[in-house]
file upload16.csv (CSV, C-alpha atoms and all ligand atoms)
chain,number,residue,atom,x,y,z
A,1,MET,CA,-10.3,-25.8,17.3
A,2,GLU,CA,-12.3,-25.0,14.2
A,3,TYR,CA,-14.2,-21.8,14.2
A,4,SER,CA,-17.4,-21.5,12.1
A,5,ASN,CA,-18.8,-18.4,10.5
A,6,LYS,CA,-22.1,-19.0,12.4
A,7,ASN,CA,-22.9,-17.9,15.9
A,8,PHE,CA,-20.5,-15.0,16.1
A,9,PRO,CA,-20.6,-13.1,19.4
A,10,GLU,CA,-23.0,-10.2,19.6
A,11,LEU,CA,-21.6,-6.8,18.4
A,12,LYS,CA,-21.3,-4.4,21.4
A,13,ASN,CA,-20.0,-1.3,19.7
A,14,ASP,CA,-21.7,-0.6,16.4
A,15,ARG,CA,-20.7,3.1,16.0
A,16,LEU,CA,-18.7,2.4,12.9
A,17,LEU,CA,-21.6,0.6,11.1
A,18,ARG,CA,-24.1,3.1,12.3
A,19,ALA,CA,-22.1,6.0,10.9
A,20,ALA,CA,-21.5,4.2,7.6
A,21,LEU,CA,-25.3,3.7,7.3
A,22,GLY,CA,-26.2,7.2,8.3
A,23,LYS,CA,-27.7,6.4,11.6
A,24,SER,CA,-27.1,8.6,14.7
A,25,VAL,CA,-24.1,7.9,17.0
A,26,ASP,CA,-23.3,8.8,20.6
A,27,LYS,CA,-19.6,9.5,19.6
A,28,VAL,CA,-17.8,9.9,16.4
A,29,PRO,CA,-16.3,6.4,15.5
A,30,VAL,CA,-12.5,6.3,15.0
A,31,TRP,CA,-10.1,3.8,13.5
A,32,VAL,CA,-6.7,4.2,11.7
A,33,MET,CA,-5.6,2.9,8.3
A,34,ARG,CA,-2.7,0.5,8.9
A,35,GLN,CA,-3.5,0.5,12.7
A,36,ALA,CA,-2.0,-3.0,12.9
A,37,GLY,CA,1.6,-2.8,11.9
A,38,ARG,CA,5.1,-1.5,12.0
A,39,TYR,CA,4.7,1.3,14.6
A,40,LEU,CA,3.7,-1.2,17.2
A,41,PRO,CA,6.5,-3.0,19.1
A,42,GLU,CA,4.3,-6.0,19.7
A,43,PHE,CA,3.9,-6.3,15.9
A,44,GLN,CA,7.7,-6.0,15.4
A,45,GLU,CA,8.1,-8.9,17.9
A,46,VAL,CA,5.9,-11.1,15.7
A,47,ARG,CA,7.7,-10.0,12.6
A,48,VAL,CA,11.1,-11.0,14.0
A,49,LYS,CA,9.9,-14.6,14.2
A,50,HIS,CA,7.7,-14.8,11.1
A,51,ASP,CA,8.0,-13.6,7.5
A,52,PHE,CA,5.3,-11.1,6.5
A,53,PHE,CA,3.3,-13.4,4.2
A,54,THR,CA,3.5,-16.2,6.8
A,55,VAL,CA,1.7,-13.9,9.2
A,56,CYS,CA,-1.0,-13.3,6.5
A,57,ARG,CA,-1.3,-17.0,5.8
A,58,THR,CA,-1.5,-18.2,9.4
A,59,PRO,CA,-4.9,-17.4,10.8
A,60,GLU,CA,-3.7,-17.5,14.5
A,61,LEU,CA,-0.9,-15.0,13.7
A,62,ALA,CA,-3.1,-12.7,11.5
A,63,CYS,CA,-5.7,-12.7,14.3
A,64,GLU,CA,-3.1,-11.9,17.0
A,65,VAL,CA,-1.7,-9.0,15.0
A,66,THR,CA,-5.3,-7.7,14.2
A,67,LEU,CA,-6.1,-7.6,17.9
A,68,GLN,CA,-2.9,-5.9,19.0
A,69,PRO,CA,-4.0,-2.3,18.4
A,70,LEU,CA,-7.3,-3.0,20.1
A,71,ARG,CA,-5.6,-4.1,23.3
A,72,ARG,CA,-3.4,-1.0,23.4
A,73,TYR,CA,-6.0,1.6,22.3
A,74,GLU,CA,-9.3,1.4,24.1
A,75,HIS,CA,-10.9,4.1,22.0
A,76,LEU,CA,-10.6,2.3,18.6
A,77,ASP,CA,-14.1,1.6,17.2
A,78,ALA,CA,-13.0,-0.9,14.5
A,79,SER,CA,-10.5,-3.6,13.6
A,80,ILE,CA,-9.2,-4.3,10.1
A,81,ILE,CA,-8.1,-7.8,9.2
A,82,PHE,CA,-4.3,-8.2,8.9
A,83,SER,CA,-3.4,-9.0,5.3
A,84,ASP,CA,-2.2,-7.1,2.3
A,85,ILE,CA,-3.6,-5.9,-1.0
A,86,LEU,CA,-0.9,-7.9,-2.8
A,87,VAL,CA,-2.2,-11.3,-1.8
A,88,ILE,CA,-4.4,-11.0,-5.0
A,89,PRO,CA,-1.5,-10.9,-7.5
A,90,GLN,CA,0.0,-13.8,-5.5
A,91,ALA,CA,-3.2,-15.8,-5.9
A,92,LEU,CA,-3.1,-15.1,-9.6
A,93,GLY,CA,0.3,-16.8,-9.8
A,94,MET,CA,2.8,-14.0,-9.3
A,95,THR,CA,5.6,-14.1,-6.8
A,96,VAL,CA,5.5,-11.2,-4.2
A,97,GLU,CA,8.2,-10.9,-1.6
A,98,MET,CA,8.3,-8.5,1.3
A,99,HIS,CA,11.8,-7.0,1.7
A,100,PRO,CA,12.5,-5.4,5.1
A,101,GLY,CA,13.0,-1.7,4.8
A,102,VAL,CA,12.0,-1.8,1.1
A,103,GLY,CA,8.4,-3.1,1.0
A,104,PRO,CA,6.8,-5.4,-1.5
A,105,VAL,CA,8.9,-6.7,-4.5
A,106,PHE,CA,7.8,-8.7,-7.5
A,107,PRO,CA,10.9,-10.5,-8.9
A,108,LYS,CA,9.0,-11.0,-12.2
A,109,PRO,CA,6.6,-8.1,-12.9
A,110,LEU,CA,4.5,-8.2,-16.0
A,111,GLN,CA,6.6,-7.2,-19.0
A,112,THR,CA,4.3,-7.6,-22.0
A,113,PRO,CA,0.5,-7.6,-22.5
A,114,SER,CA,0.7,-11.2,-23.6
A,115,GLU,CA,1.7,-12.2,-20.1
A,116,ILE,CA,-1.8,-11.3,-18.9
A,117,ASP,CA,-2.8,-14.6,-20.4
A,118,GLY,CA,-0.5,-16.4,-18.0
A,119,LEU,CA,-2.4,-15.2,-14.9
A,120,GLN,CA,-4.6,-17.7,-13.2
A,121,PRO,CA,-7.9,-16.2,-12.2
A,122,GLU,CA,-9.6,-19.7,-11.9
A,123,GLY,CA,-9.3,-20.9,-8.3
A,124,ALA,CA,-7.7,-17.6,-7.2
A,125,VAL,CA,-10.3,-17.0,-4.5
A,126,SER,CA,-10.0,-20.5,-3.1
A,127,ARG,CA,-6.2,-19.9,-2.9
A,128,LEU,CA,-7.1,-17.0,-0.6
A,129,ASP,CA,-9.2,-19.1,1.8
A,130,TYR,CA,-6.6,-18.4,4.5
A,131,VAL,CA,-7.9,-14.8,4.6
A,132,GLY,CA,-11.4,-16.1,5.2
A,133,LYS,CA,-10.1,-18.4,7.9
A,134,ALA,CA,-8.3,-15.5,9.6
A,135,ILE,CA,-11.5,-13.4,9.4
A,136,THR,CA,-13.7,-16.1,11.0
A,137,LEU,CA,-11.2,-16.7,13.8
A,138,THR,CA,-10.7,-13.0,14.5
A,139,ARG,CA,-14.4,-12.3,14.4
A,140,HIS,CA,-14.8,-14.9,17.2
A,141,LYS,CA,-11.8,-13.7,19.2
A,142,ILE,CA,-12.8,-10.0,19.1
A,143,ASP,CA,-15.9,-11.1,21.0
A,144,GLY,CA,-18.1,-8.4,19.6
A,145,LYS,CA,-16.0,-5.6,21.0
A,146,VAL,CA,-15.9,-3.7,17.6
A,147,PRO,CA,-16.7,-4.6,14.0
A,148,LEU,CA,-14.2,-6.3,11.7
A,149,ILE,CA,-13.3,-4.6,8.4
A,150,GLY,CA,-12.4,-6.7,5.3
A,151,PHE,CA,-10.5,-5.0,2.5
A,152,THR,CA,-9.0,-5.3,-1.0
A,153,GLY,CA,-6.8,-3.3,-3.3
A,154,ALA,CA,-8.7,-1.8,-6.3
A,155,PRO,CA,-8.0,-3.0,-9.8
A,156,PHE,CA,-5.9,0.0,-11.0
A,157,THR,CA,-3.7,0.0,-7.8
A,158,LEU,CA,-3.1,-3.8,-8.1
A,159,PHE,CA,-2.3,-3.4,-11.8
A,160,GLY,CA,0.3,-0.8,-11.0
A,161,TYR,CA,2.1,-3.0,-8.5
A,162,MET,CA,2.0,-6.0,-10.9
A,163,LEU,CA,3.6,-3.9,-13.6
A,164,GLU,CA,6.1,-1.7,-11.6
A,165,GLY,CA,7.2,-4.7,-9.5
A,166,GLY,CA,6.7,-2.8,-6.2
A,167,GLY,CA,6.0,0.7,-5.0
A,168,SER,CA,6.9,3.4,-7.5
A,169,LYS,CA,7.3,7.2,-7.3
A,170,THR,CA,6.5,7.8,-10.9
A,171,MET,CA,4.6,4.8,-12.2
A,172,SER,CA,6.2,5.4,-15.5
A,173,LYS,CA,5.6,1.8,-16.9
A,174,THR,CA,2.0,2.0,-15.8
A,175,LYS,CA,1.5,5.3,-17.6
A,176,GLU,CA,3.2,3.9,-20.7
A,177,TRP,CA,0.8,1.0,-20.8
A,178,LEU,CA,-2.2,3.3,-20.4
A,179,GLU,CA,-1.1,5.1,-23.5
A,180,LYS,CA,0.2,2.2,-25.5
A,181,TYR,CA,-2.1,-0.7,-24.6
A,182,PRO,CA,-5.4,0.6,-23.3
A,183,LYS,CA,-7.3,-2.5,-24.5
A,184,ASP,CA,-5.0,-4.9,-22.7
A,185,VAL,CA,-5.1,-2.7,-19.6
A,186,HIS,CA,-8.9,-2.8,-19.6
A,187,ARG,CA,-8.7,-6.6,-20.1
A,188,LEU,CA,-6.5,-6.9,-17.0
A,189,LEU,CA,-8.6,-4.5,-14.9
A,190,CYS,CA,-11.7,-6.5,-15.8
A,191,LEU,CA,-10.0,-9.8,-14.8
A,192,LEU,CA,-9.0,-8.2,-11.5
A,193,THR,CA,-12.5,-6.8,-10.9
A,194,ASN,CA,-14.1,-10.3,-11.2
A,195,VAL,CA,-11.6,-11.8,-8.8
A,196,ILE,CA,-12.0,-8.9,-6.3
A,197,ILE,CA,-15.8,-9.2,-6.3
A,198,ASP,CA,-15.6,-12.9,-5.4
A,199,TYR,CA,-12.8,-12.3,-2.9
A,200,VAL,CA,-14.6,-9.7,-0.8
A,201,VAL,CA,-17.9,-11.7,-1.0
A,202,MET,CA,-15.9,-14.6,0.5
A,203,GLN,CA,-14.6,-12.2,3.2
A,204,VAL,CA,-18.2,-11.2,4.1
A,205,GLU,CA,-19.2,-14.9,4.1
A,206,SER,CA,-16.3,-15.5,6.5
A,207,GLY,CA,-17.4,-12.6,8.9
A,208,ALA,CA,-16.3,-9.2,7.6
A,209,GLN,CA,-18.8,-6.6,8.6
A,210,LEU,CA,-17.7,-3.7,6.4
A,211,LEU,CA,-15.5,-3.7,3.3
A,212,GLN,CA,-12.9,-1.0,2.3
A,213,VAL,CA,-11.5,-0.8,-1.3
A,214,PHE,CA,-8.0,0.8,-1.4
A,215,GLU,CA,-7.3,2.7,-4.6
A,216,SER,CA,-4.1,3.9,-3.1
A,217,SER,CA,-2.4,4.8,-6.4
A,218,ALA,CA,-5.2,7.1,-7.7
A,219,ASP,CA,-2.9,10.0,-6.9
A,220,HIS,CA,-1.0,9.2,-10.2
A,221,LEU,CA,-4.1,9.7,-12.3
A,222,SER,CA,-5.7,12.8,-13.8
A,223,ARG,CA,-9.5,13.2,-13.5
A,224,GLU,CA,-9.8,11.9,-17.1
A,225,GLN,CA,-7.6,8.9,-16.5
A,226,PHE,CA,-9.3,8.1,-13.1
A,227,THR,CA,-12.6,8.2,-15.0
A,228,GLU,CA,-11.4,5.8,-17.6
A,229,PHE,CA,-9.2,3.4,-15.6
A,230,SER,CA,-10.6,3.3,-12.1
A,231,ILE,CA,-14.2,4.5,-11.9
A,232,PRO,CA,-15.9,1.8,-14.1
A,233,TYR,CA,-14.3,-0.9,-12.0
A,234,LEU,CA,-15.0,0.6,-8.7
A,235,LYS,CA,-18.6,0.8,-9.8
A,236,ASP,CA,-18.7,-2.8,-11.0
A,237,ILE,CA,-17.2,-3.9,-7.7
A,238,ARG,CA,-19.9,-2.1,-5.6
A,239,SER,CA,-22.8,-3.4,-7.7
A,240,GLY,CA,-21.2,-6.9,-8.1
A,241,VAL,CA,-20.8,-7.3,-4.4
A,242,ARG,CA,-24.4,-6.2,-3.7
A,243,ALA,CA,-25.7,-8.7,-6.3
A,244,LYS,CA,-23.6,-11.6,-5.2
A,245,LEU,CA,-24.5,-11.1,-1.5
A,246,THR,CA,-28.2,-11.1,-2.5
A,247,GLU,CA,-27.7,-14.2,-4.6
A,248,LYS,CA,-26.0,-16.0,-1.7
A,249,SER,CA,-28.7,-14.8,0.8
A,250,LEU,CA,-26.0,-13.1,2.8
A,251,GLU,CA,-26.6,-9.8,4.6
A,252,GLN,CA,-25.5,-6.6,2.8
A,253,VAL,CA,-22.5,-4.8,4.3
A,254,PRO,CA,-21.5,-1.1,3.9
A,255,MET,CA,-18.6,-0.4,1.6
A,256,THR,CA,-15.9,2.4,1.7
A,257,ILE,CA,-13.9,3.6,-1.3
A,258,PHE,CA,-10.6,5.2,-0.4
A,259,ALA,CA,-9.1,6.7,-3.6
A,260,LYS,CA,-6.0,8.5,-2.4
A,261,GLY,CA,-5.3,11.7,-4.4
A,262,ALA,CA,-8.7,11.6,-6.1
A,263,GLY,CA,-10.1,14.6,-4.3
A,264,HIS,CA,-10.6,16.0,-7.8
A,265,SER,CA,-13.4,13.5,-8.5
A,266,LEU,CA,-15.5,13.4,-5.3
A,267,ASP,CA,-18.6,14.2,-7.4
A,268,ILE,CA,-18.0,11.1,-9.5
A,269,GLN,CA,-17.1,8.9,-6.5
A,270,ALA,CA,-20.4,9.9,-4.9
A,271,GLN,CA,-22.3,8.2,-7.7
A,272,LEU,CA,-20.8,4.8,-7.3
A,273,GLY,CA,-23.0,3.4,-4.5
A,274,TYR,CA,-20.4,3.2,-1.8
A,275,GLU,CA,-21.8,4.2,1.6
A,276,THR,CA,-18.5,5.9,2.7
A,277,ILE,CA,-15.9,7.9,0.8
A,278,GLY,CA,-12.4,8.0,2.4
A,279,LEU,CA,-10.6,11.3,2.0
A,280,ASP,CA,-6.8,12.0,2.1
A,281,TRP,CA,-5.6,15.1,4.0
A,282,THR,CA,-5.5,17.4,1.0
A,283,VAL,CA,-9.3,17.6,0.9
A,284,ASP,CA,-11.1,20.2,2.9
A,285,PRO,CA,-14.0,18.5,5.0
A,286,THR,CA,-16.5,21.4,4.3
A,287,GLU,CA,-15.8,21.4,0.6
A,288,ALA,CA,-16.1,17.6,0.4
A,289,ARG,CA,-19.4,17.6,2.2
A,290,LYS,CA,-20.8,20.2,-0.2
A,291,ILE,CA,-19.8,18.1,-3.2
A,292,VAL,CA,-21.0,14.6,-2.0
A,293,GLY,CA,-24.2,15.8,-0.3
A,294,GLU,CA,-25.8,14.6,3.0
A,295,ASN,CA,-26.4,10.9,2.0
A,296,ILE,CA,-22.8,9.7,2.0
A,297,THR,CA,-20.5,9.1,5.0
A,298,LEU,CA,-17.0,10.7,4.9
A,299,GLN,CA,-13.9,9.1,6.4
A,300,GLY,CA,-10.6,10.7,7.2
A,301,ASN,CA,-8.5,12.7,7.1
A,302,LEU,CA,-5.7,13.9,9.4
A,303,ASP,CA,-2.3,14.1,7.8
A,304,PRO,CA,-0.4,11.0,9.2
A,305,GLN,CA,2.6,13.4,9.6
A,306,ASP,CA,0.6,15.4,12.2
A,307,LEU,CA,1.0,12.5,14.6
A,308,TYR,CA,4.7,13.5,14.9
A,309,LYS,CA,3.6,16.8,16.5
A,310,THR,CA,3.2,17.4,20.2
A,311,PRO,CA,0.2,15.9,22.1
A,312,GLU,CA,-1.3,19.4,22.5
A,313,GLU,CA,-1.0,20.1,18.7
A,314,ILE,CA,-2.5,16.8,17.8
A,315,LYS,CA,-5.4,17.5,20.2
A,316,THR,CA,-6.0,20.9,18.6
A,317,LEU,CA,-5.8,19.6,15.0
A,318,THR,CA,-8.0,16.6,15.7
A,319,THR,CA,-10.6,18.6,17.5
A,320,GLU,CA,-10.7,21.1,14.6
A,321,MET,CA,-11.0,18.3,12.1
A,322,VAL,CA,-13.9,16.5,13.9
A,323,LYS,CA,-15.7,19.8,14.3
A,324,LYS,CA,-15.5,20.5,10.6
A,325,PHE,CA,-16.8,17.1,9.6
A,326,GLY,CA,-19.5,17.1,12.4
A,327,LYS,CA,-21.1,14.1,14.0
A,328,HIS,CA,-23.5,13.0,11.2
A,329,ARG,CA,-22.2,10.5,8.6
A,330,TYR,CA,-18.6,10.8,9.7
A,331,ILE,CA,-15.8,8.2,10.6
A,332,ALA,CA,-12.6,9.7,11.9
A,333,ASN,CA,-9.3,8.4,10.5
A,334,LEU,CA,-6.0,9.5,9.1
A,335,GLY,CA,-5.8,10.7,5.5
A,336,HIS,CA,-3.5,7.7,4.7
A,337,GLY,CA,-1.8,4.8,6.6
A,338,ILE,CA,0.0,5.5,9.9
A,339,THR,CA,3.7,5.6,9.4
A,340,PRO,CA,6.3,3.3,11.1
A,341,GLN,CA,8.0,5.8,13.4
A,342,THR,CA,4.8,7.3,14.8
A,343,PRO,CA,5.1,7.7,18.6
A,344,LEU,CA,2.7,5.3,20.4
A,345,GLU,CA,1.3,8.1,22.5
A,346,SER,CA,0.1,10.0,19.4
A,347,MET,CA,-2.4,7.2,18.7
A,348,THR,CA,-3.8,7.5,22.2
A,349,VAL,CA,-4.2,11.3,21.9
A,350,PHE,CA,-5.7,11.0,18.4
A,351,THR,CA,-8.3,8.4,19.2
A,352,GLU,CA,-9.2,9.8,22.7
A,353,THR,CA,-9.6,13.3,21.2
A,354,VAL,CA,-12.0,12.1,18.5
A,355,HIS,CA,-14.3,10.7,21.2
A,356,GLU,CA,-14.1,13.9,23.3
A,357,ALA,CA,-14.3,16.4,20.5
A,358,ILE,CA,-18.1,16.7,20.1
A,401,LIG,O1,-3.9,-2.5,10.1
A,401,LIG,C1,-4.1,-2.6,8.9
A,401,LIG,O2,-4.3,-1.5,8.2
A,401,LIG,C2,-4.1,-3.9,8.2
A,401,LIG,C3,-3.0,-4.3,7.4
A,401,LIG,C4,-2.7,-3.8,6.1
A,401,LIG,C5,-3.4,-3.1,5.0
A,401,LIG,C6,-4.8,-2.6,5.1
A,401,LIG,C7,-1.4,-4.0,5.5
A,401,LIG,C8,-0.3,-4.6,6.3
A,401,LIG,N1,-1.3,-3.6,4.3
A,401,LIG,C9,-2.6,-3.0,3.9
A,401,LIG,C10,-3.0,-2.5,2.6
A,401,LIG,C11,-1.9,-2.1,1.7
A,401,LIG,N2,-0.8,-2.7,1.3
A,401,LIG,C12,-2.1,-0.9,0.8
A,401,LIG,C13,-3.3,0.0,0.8
A,401,LIG,C14,-3.2,1.0,1.9
A,401,LIG,C15,-2.3,2.1,1.8
A,401,LIG,O3,-2.4,2.8,0.7
A,401,LIG,O4,-1.4,2.3,2.6
A,401,LIG,C16,-0.9,-0.8,0.0
A,401,LIG,C17,-0.6,0.2,-1.0
A,401,LIG,C18,-0.1,-2.0,0.3
A,401,LIG,C19,1.1,-2.3,-0.3
A,401,LIG,C20,2.2,-2.4,0.7
A,401,LIG,N3,2.4,-3.5,1.5
A,401,LIG,C21,3.2,-1.4,1.0
A,401,LIG,C22,3.4,-0.1,0.3
A,401,LIG,C23,4.5,-0.1,-0.7
A,401,LIG,C24,4.7,1.1,-1.5
A,401,LIG,O5,5.8,1.7,-1.3
A,401,LIG,O6,3.9,1.4,-2.3
A,401,LIG,C25,4.0,-1.9,2.0
A,401,LIG,C26,5.1,-1.3,2.7
A,401,LIG,C27,3.4,-3.2,2.4
A,401,LIG,C28,3.9,-4.1,3.5
A,401,LIG,C29,3.0,-4.1,4.6
A,401,LIG,N4,1.6,-4.3,4.6
A,401,LIG,C30,1.1,-4.3,5.9
A,401,LIG,C31,2.2,-4.1,6.8
A,401,LIG,C32,2.2,-4.0,8.3
A,401,LIG,C33,3.4,-4.0,6.0
A,401,LIG,C34,4.8,-3.7,6.5
A,401,LIG,C35,5.7,-4.9,6.1
A,401,LIG,C36,6.5,-5.5,7.2
A,401,LIG,O7,6.0,-5.8,8.3
A,401,LIG,O8,7.6,-5.8,6.9
call {"tool": "encode", "arguments": {"input": "upload16.csv", "output": "structure tokens", "more": "lines below"}}
Ligand code: 1CP
result
Amino acid sequence: MEYSNKNFPELKNDRLLRAALGKSVDKVPVWVMRQAGRYLPEFQEVRVKHDFFTVCRTPELACEVTLQPLRRYEHLDASIIFSDILVIPQALGMTVEMHPGVGPVFPKPLQTPSEIDGLQPEGAVSRLDYVGKAITLTRHKIDGKVPLIGFTGAPFTLFGYMLEGGGSKTMSKTKEWLEKYPKDVHRLLCLLTNVIIDYVVMQVESGAQLLQVFESSADHLSREQFTEFSIPYLKDIRSGVRAKLTEKSLEQVPMTIFAKGAGHSLDIQAQLGYETIGLDWTVDPTEARKIVGENITLQGNLDPQDLYKTPEEIKTLTTEMVKKFGKHRYIANLGHGITPQTPLESMTVFTETVHEAI
């Protein structure tokens, strides 16, 4: 059966969207980065049968995996479409493999700036239409229970993976390029920005109700480097999405920027037009609120490692966190993605405690 992006079921739980837009909420909304994934046995079962990118590319499988955490955890107030940030480099013509126990691997990462010319931005978004199909199907199947979040990697983070060929502890090649070839780096970041804008607008057209931009590698940048190589593109993405949605007569959606490790630049992030700023666990909630002011929603930021503590400890830490952030303009989450060995019970305690805390 073909699902259309019209006549979606009515949204029954709009806490997440209300919090993102600064409206009052009955309870603090909660969701968890990487909530669909490796810590869930039902996800592992799907992965035994199907390769990672096959799951991403098959709307029925991506939908099933997106819904898994919602079935298990009744307190979740959002879903995030199952995909990966690295589908964009794939759509630009690069090969990305997912190696079990290792993570993403690019057999042929970028080696020289001239290879930027070999990337294929034309048609990239139409090669990602499977993400749109997965979003439309999932939005129907969720049946209005909670909103569906769409997402993308931010330009600098994608650039880092394309160059390093996978996750990297030092990002030494990336840093070398920032020094040696700043003009080419900006050319590539610009190319990525244009694709990202069209890609997330397509996600909204397909049914995404909020968009999160993951600048997960910002922790490698100083404030100066972040200002030069990330901020202008994050800003262009926010304004570009707003303009294109207007142009296409689509409803505006709230957007979240999660720049991991960029707690040093919350003042700058607050100027970019995003409704929500995601915080990692190194940032103090009270300090963050002082810096960004009252008109921005904050999201975060329990240390994912805290979910390895006892239920009593998780309860105490979560309650303290929620009380510090308060009920206004706050979305509870972890400070980064949930990790593979997290006990299943910890998620129950975390999500339940958020709803009970204030
Ligand atoms: O539930 C969800 O959150 C949706 C699914 C999701 C999201 C939002 C996945 C599935 N990946 C992502 C985003 C993503 N992918 C980010 C940004 C968020 C973050 O910072 O954690 C990043 C950096 C990636 C890249 C990536 N993909 C990594 C990290 C590698 C590294 O060392 O730097 C890994 C391990 C993946 C694979 C992946 N993506 C998603 C899952 C469930 C997995 C595990 C792979 C498997 O099942 O074998």
call {"tool": "closest_residue", "arguments": {"input": "upload16.csv", "among": "A:Asp219, A:Glu10, A:Glu2, A:Glu247", "to": "ligand LIG 401 (chain A)", "atoms": "all atoms listed in the file"}}
result
A:Asp219
call {"tool": "residues_near_ligand", "arguments": {"input": "upload16.csv", "ligand": "ligand LIG 401 (chain A)", "cutoff": "8 Å", "atoms": "all atoms listed in the file", "output": "MDAnalysis selection string"}}
result
chainID A and resid 32:38 43:44 47 51:52 66 79:86 98:104 151:153 157 161 166:168 214:217 260 336:337
call {"tool": "closest_residue", "arguments": {"input": "upload16.csv", "among": "A:Ile135, A:Val200, A:Leu40, A:Leu17", "to": "Leu61 in chain A", "atoms": "all atoms listed in the file"}}
result
A:Ile135
call {"tool": "residues_near_point", "arguments": {"input": "upload16.csv", "point": "(3.2, 10.4, 11.2)", "cutoff": "8 Å", "atoms": "all atoms listed in the file", "output": "list in words"}}
result
Asp303, Pro304, Gln305, Asp306, Leu307, Tyr308, Ile338, Thr339, Pro340, Gln341 and Thr342 of chain A
call {"tool": "closest_residue", "arguments": {"input": "upload16.csv", "among": "A:Ala357, A:Leu92, A:Ala20, A:Val131", "to": "Glu205 in chain A", "atoms": "only C-alpha atoms"}}
result
A:Val131
call {"tool": "atom_distance", "arguments": {"input": "upload16.csv", "atom1": "CA of Pro59 in chain A", "atom2": "CA of Val105 in chain A"}}
result
23.2 Å
call {"tool": "closest_residue", "arguments": {"input": "upload16.csv", "among": "A:Thr297, A:Thr112, A:Thr318, A:Thr282", "to": "Gly335 in chain A", "atoms": "all atoms listed in the file"}}
result
A:Thr282
call {"tool": "closest_residue", "arguments": {"input": "upload16.csv", "among": "A:Ile196, A:Val55, A:Ile142, A:Val46", "to": "Val125 in chain A", "atoms": "all atoms listed in the file"}}
result
A:Ile196
call {"tool": "atom_distance", "arguments": {"input": "upload16.csv", "atom1": "CA of Gly273 in chain A", "atom2": "CA of Val28 in chain A"}}
result
22.5 Å
call {"tool": "atom_distance", "arguments": {"input": "upload16.csv", "atom1": "CA of Trp281 in chain A", "atom2": "CA of Leu334 in chain A"}}
result
7.6 Å
call {"tool": "residues_around", "arguments": {"input": "upload16.csv", "residues": "Asp117 in chain A", "least_positions_apart": "6", "cutoff": "12 Å", "atoms": "only C-alpha atoms", "output": "VMD selection string"}}
result
chain A and resid 92 to 93 110 184 187 to 188 191
call {"tool": "residues_around", "arguments": {"input": "upload16.csv", "residues": "Ile197 in chain A", "least_positions_apart": "4", "cutoff": "7 Å", "atoms": "only C-alpha atoms", "output": "PDB file with C-alpha atoms, in the frame of the given file"}}
result
ATOM      1  CA  THR A 193     -12.500  -6.800 -10.900  1.00  0.00           C
ATOM      2  CA  VAL A 201     -17.900 -11.700  -1.000  1.00  0.00           C
ATOM      3  CA  ILE A 237     -17.200  -3.900  -7.700  1.00  0.00           C
ATOM      4  CA  GLY A 240     -21.200  -6.900  -8.100  1.00  0.00           C
ATOM      5  CA  VAL A 241     -20.800  -7.300  -4.400  1.00  0.00           C
TER       6      VAL A 241
END
call {"tool": "closest_residue", "arguments": {"input": "upload16.csv", "among": "A:Lys27, A:Leu137, A:Glu74, A:His264", "to": "Glu60 in chain A", "atoms": "only C-alpha atoms"}}
result
A:Leu137
call {"tool": "residues_near_point", "arguments": {"input": "upload16.csv", "point": "(-15.4, 9.5, -10.2)", "cutoff": "6 Å", "atoms": "only C-alpha atoms", "output": "MDAnalysis selection string"}}
result
chainID A and resid 227 231 265 268:269
call {"tool": "residues_around", "arguments": {"input": "upload16.csv", "residues": "Phe159 in chain A", "least_positions_apart": "5", "cutoff": "9 Å", "atoms": "all atoms listed in the file", "output": "list in words"}}
result
Pro89, Ala154, Glu164, Thr174, Val185, Leu188, Leu189 and Leu192 of chain A
call {"tool": "write_last_selection", "arguments": {"input": "upload16.csv", "atoms": "C-alpha atoms", "output": "PDB file, in the frame of the given file"}}
result
ATOM      1  CA  PRO A  89      -1.500 -10.900  -7.500  1.00  0.00           C
ATOM      2  CA  ALA A 154      -8.700  -1.800  -6.300  1.00  0.00           C
ATOM      3  CA  GLU A 164       6.100  -1.700 -11.600  1.00  0.00           C
ATOM      4  CA  THR A 174       2.000   2.000 -15.800  1.00  0.00           C
ATOM      5  CA  VAL A 185      -5.100  -2.700 -19.600  1.00  0.00           C
ATOM      6  CA  LEU A 188      -6.500  -6.900 -17.000  1.00  0.00           C
ATOM      7  CA  LEU A 189      -8.600  -4.500 -14.900  1.00  0.00           C
ATOM      8  CA  LEU A 192      -9.000  -8.200 -11.500  1.00  0.00           C
TER       9      LEU A 192
END
call {"tool": "residues_around", "arguments": {"input": "upload16.csv", "residues": "Thr319 in chain A", "least_positions_apart": "6", "cutoff": "9 Å", "atoms": "only C-alpha atoms", "output": "JSON, numbers by chain"}}
result
{"A": [353, 354, 356, 357, 358]}
call {"tool": "residues_around", "arguments": {"input": "upload16.csv", "residues": "range 22-24 of chain A", "least_positions_apart": "2", "cutoff": "8 Å", "atoms": "only C-alpha atoms", "output": "PyMOL selection string"}}
result
chain A and resi 18-20+26+295-297+328-329
